[in-house]
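**Student:** What follows is a structure written as structure tokens; I'll ask about it next.
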Amino acid sequence: MPDPDQERTERRAALSDEYATVVGNFRALTEIRFKLIGLLPLASLAAAAVKPDPRSPGSLPFALFGLATTIAIAAYNKRNDQLYDQLVGRAAAIERELGTPDGAYANRLTPWLSFRKGRLTWTVDHRLSVAAIYFTTATFWLYLALEAAGVGISGIPTIRGNLDWLKTDLGAQTVSAALRWLLAAFAFFITLAVACWLKDREKTRRKEMRAAVKRGVESIMEAERDYLSTELGLDKAALDHVLSSDAVVPGAFLNSMNRAVRAALVKECITASSERANDTEAIDALEKRIAFYARQSASQMRLYIHPQPGERRAAQMMALLTDLPPTCIYDVAFGRR
């Protein structure tokens with residue numbers, strides 16, 4: 001039997017080392033974020049200074065390249081946000097386990113300042129400010145693309161004739177300025193519409209993930225309870241003790257699920273992790289993963305699950321099946337966040 005005191009000491013030492021790594025990774029992601037938002041606008045302004053004339057054949061590819069680069073960097077930053085949140089959550093969990101629940105990450109300061117005018121609200125927040133930089137940069141490059149495309153369209157004889165008539169009637173400078181303002185407004189509203197669609201999609205996806213996580217954890221807890229009471233023959237008192245104690249249950253409990261429950265668990269895990277509910281390759285991979293853990297004894301499962309009460313144990317099992325953070329799964333499944 002391992003010495004509990006020695007295990008706790010080793011666990012604290014491992015957590016302390018991990019905490020230093022987590023904080024270091026958090027700092028690195030923060031540095032990457034500020035480098036990107038510092039370089040992107042400057043690079044765009046420099047590119048604008050040397051951009052080809054809108055009438056040049058290379059002006060449209062130039063603008064599309066800038067727009068595609070901006071979108072790619074914004075997507076990269078969004079992924080970094082996900083990792084950033086995971087690091088914060090993991091650092092907070094380590095602080096609580098080490099006995100410092102009032103640590104810098106366990107109790108982070110939330111955005112507390114906002115400005116309101118009617119129905120408009122501006123919250124002083126990192127992500128809103130970063131999003132505004134990407135939004136304006138994407139709008140700028142889209143405007144250049146529309147301007148280059150507009151030059152090509154204006155060469156169509158019918159349209160060119162109407163433009164010549166307007167320039168004669170209103171003045172060439174007035175018409176050119178009006179067209180530029182129209183293209184700028186068009187670029188702004190296109191970017192705004194895409195940004196709103198992406199935001200709504202993110203909210204919808206987040207709701208899907210949360211619902212799938214809750215149902216998946218419930219299925220795991222139910223399967224574990226059935227296994228302990230049916231396969232091991234535990235009475236209610238012994239069952240409650242195991243479920244509330246720091247224990248590790250053999251992975252064989254996954255085999256206690258009937259076909260319908262197992263299929264439902266697979267669906268929830270796929271929905272929570274990758275949104276590929278009908279992807280046969282992803283389903284087969286997950287089935288193999290479940291089969292692997294189902295073969296593990298209690299001692300072998302200790303390699304994958306830290307001894308902990310039933311709710312956290314189920315969250316950890318869900319994390320093993322989905323590759324999502326166990327702390328996040330627990331918080332979602334049991335209403336902390």
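Chain identifiers are assigned as A, B, and so on, following the order in which chains appear in the structure tokens; residues are numbered from 1 within each chain, and ligands are numbered from 1 in order of appearance.
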For the strand (DSSP E) assignment from backbone DSSP, which residues of region 42-277 of chain A qualify? Please present them as number ranges by chain.
**Tutor:** A: 114-117, 120-123
**Student:** Given the selection you just returned, output its residues as a file containing C-alpha atoms, formatted as a PDB file, in the first residue's frame.
**Tutor:**
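Dumped everything to selection21.pdb:
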ATOM      1  CA  SER A 114     -18.532  50.073 -18.833  1.00  0.00           C
ATOM      2  CA  PHE A 115     -19.997  53.071 -20.602  1.00  0.00           C
ATOM      3  CA  ARG A 116     -23.631  53.197 -21.684  1.00  0.00           C
ATOM      4  CA  LYS A 117     -25.525  55.461 -24.029  1.00  0.00           C
ATOM      5  CA  LEU A 120     -25.295  50.877 -26.610  1.00  0.00           C
ATOM      6  CA  THR A 121     -22.812  49.524 -24.059  1.00  0.00           C
ATOM      7  CA  TRP A 122     -19.037  49.510 -24.218  1.00  0.00           C
ATOM      8  CA  THR A 123     -17.312  47.357 -21.624  1.00  0.00           C
TER       9      THR A 123
END
**Student:** If we count only C-alpha atoms, what is near Ala291 (chain A) at a cut-off of 9 Å, once residues fewer than 6 positions away on the same chain are taken out, given as a ChimeraX atom specification?
**Tutor:** /A:251,254-255
**Student:** If I take CA of Arg337 (chain A) and CA of Asp85 (chain A), how far is one from the other in Å, to one decimal?
**Tutor:**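 Computed distance, CA of Arg337 (chain A) to CA of Asp85 (chain A), equals 13.0 Å.
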**Student:** Excluding same-chain residues fewer than 6 positions from Arg90 (chain A), what lies within 9 Å of it counting only C-alpha atoms, as a PDB file with N, CA and C atoms, in the first residue's frame?
**Tutor:**
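Saved the output as out_18.pdb:
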ATOM      1  N   TYR A  19       2.173  24.344 -11.851  1.00  0.00           N
ATOM      2  CA  TYR A  19       1.687  25.721 -11.715  1.00  0.00           C
ATOM      3  C   TYR A  19       2.673  26.696 -12.358  1.00  0.00           C
ATOM      4  N   VAL A  22       2.258  26.387 -16.099  1.00  0.00           N
ATOM      5  CA  VAL A  22       1.003  26.987 -16.548  1.00  0.00           C
ATOM      6  C   VAL A  22       1.112  28.510 -16.595  1.00  0.00           C
ATOM      7  N   TYR A 105      -5.358  33.573  -9.699  1.00  0.00           N
ATOM      8  CA  TYR A 105      -6.138  32.982 -10.795  1.00  0.00           C
ATOM      9  C   TYR A 105      -7.483  32.447 -10.310  1.00  0.00           C
ATOM     10  N   PRO A 325     -10.967  20.115 -20.882  1.00  0.00           N
ATOM     11  CA  PRO A 325     -10.436  20.267 -19.519  1.00  0.00           C
ATOM     12  C   PRO A 325     -11.411  19.719 -18.478  1.00  0.00           C
ATOM     13  N   THR A 327     -11.703  20.385 -15.295  1.00  0.00           N
ATOM     14  CA  THR A 327     -12.244  21.440 -14.434  1.00  0.00           C
ATOM     15  C   THR A 327     -13.399  22.146 -15.120  1.00  0.00           C
ATOM     16  N   CYS A 328     -13.239  22.427 -16.399  1.00  0.00           N
ATOM     17  CA  CYS A 328     -14.313  23.078 -17.166  1.00  0.00           C
ATOM     18  C   CYS A 328     -15.535  22.175 -17.239  1.00  0.00           C
TER      19      CYS A 328
END
**Student:** Distance CA of Thr204 (chain A)-CA of Ala72 (chain A), one decimal place?
**Tutor:** 22.0 Å
**Student:** To one decimal in Å, tell me the separation between CA of Glu95 (chain A) and CA of Cys269 (chain A).
**Tutor:**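 According to the coordinates, CA of Glu95 (chain A) and CA of Cys269 (chain A) are separated by 28.4 Å.
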**Student:** Excluding Leu183 (chain A) and its own-chain neighbours fewer than 2 positions away, which residues fall within 9 Å of it when counting only C-alpha atoms? Please give them as a list of chain:residue names.
**Tutor:** A:Tyr143, A:Leu144, A:Leu146, A:Glu147, A:Gly150, A:Ala178, A:Leu179, A:Arg180, A:Trp181, A:Ala185, A:Phe186, A:Ala187, A:Phe188
**Student:** When distances are computed from only C-alpha atoms, which of A:Thr70, A:Gln82, A:Ser256, A:Ser16 shows the smallest separation from Glu97 (chain A)?
**Tutor:**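 Among the listed residues, A:Ser16 lies closest to Glu97 (chain A).
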**Student:** If we count only C-alpha atoms, what is near Ala46 (chain A) at a cut-off of 12 Å, once residues fewer than 6 positions away on the same chain are taken out, given as a list in words?
**Tutor:**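 Counting only the stated atoms, we get Leu39, Leu40 and Gly66 of chain A.
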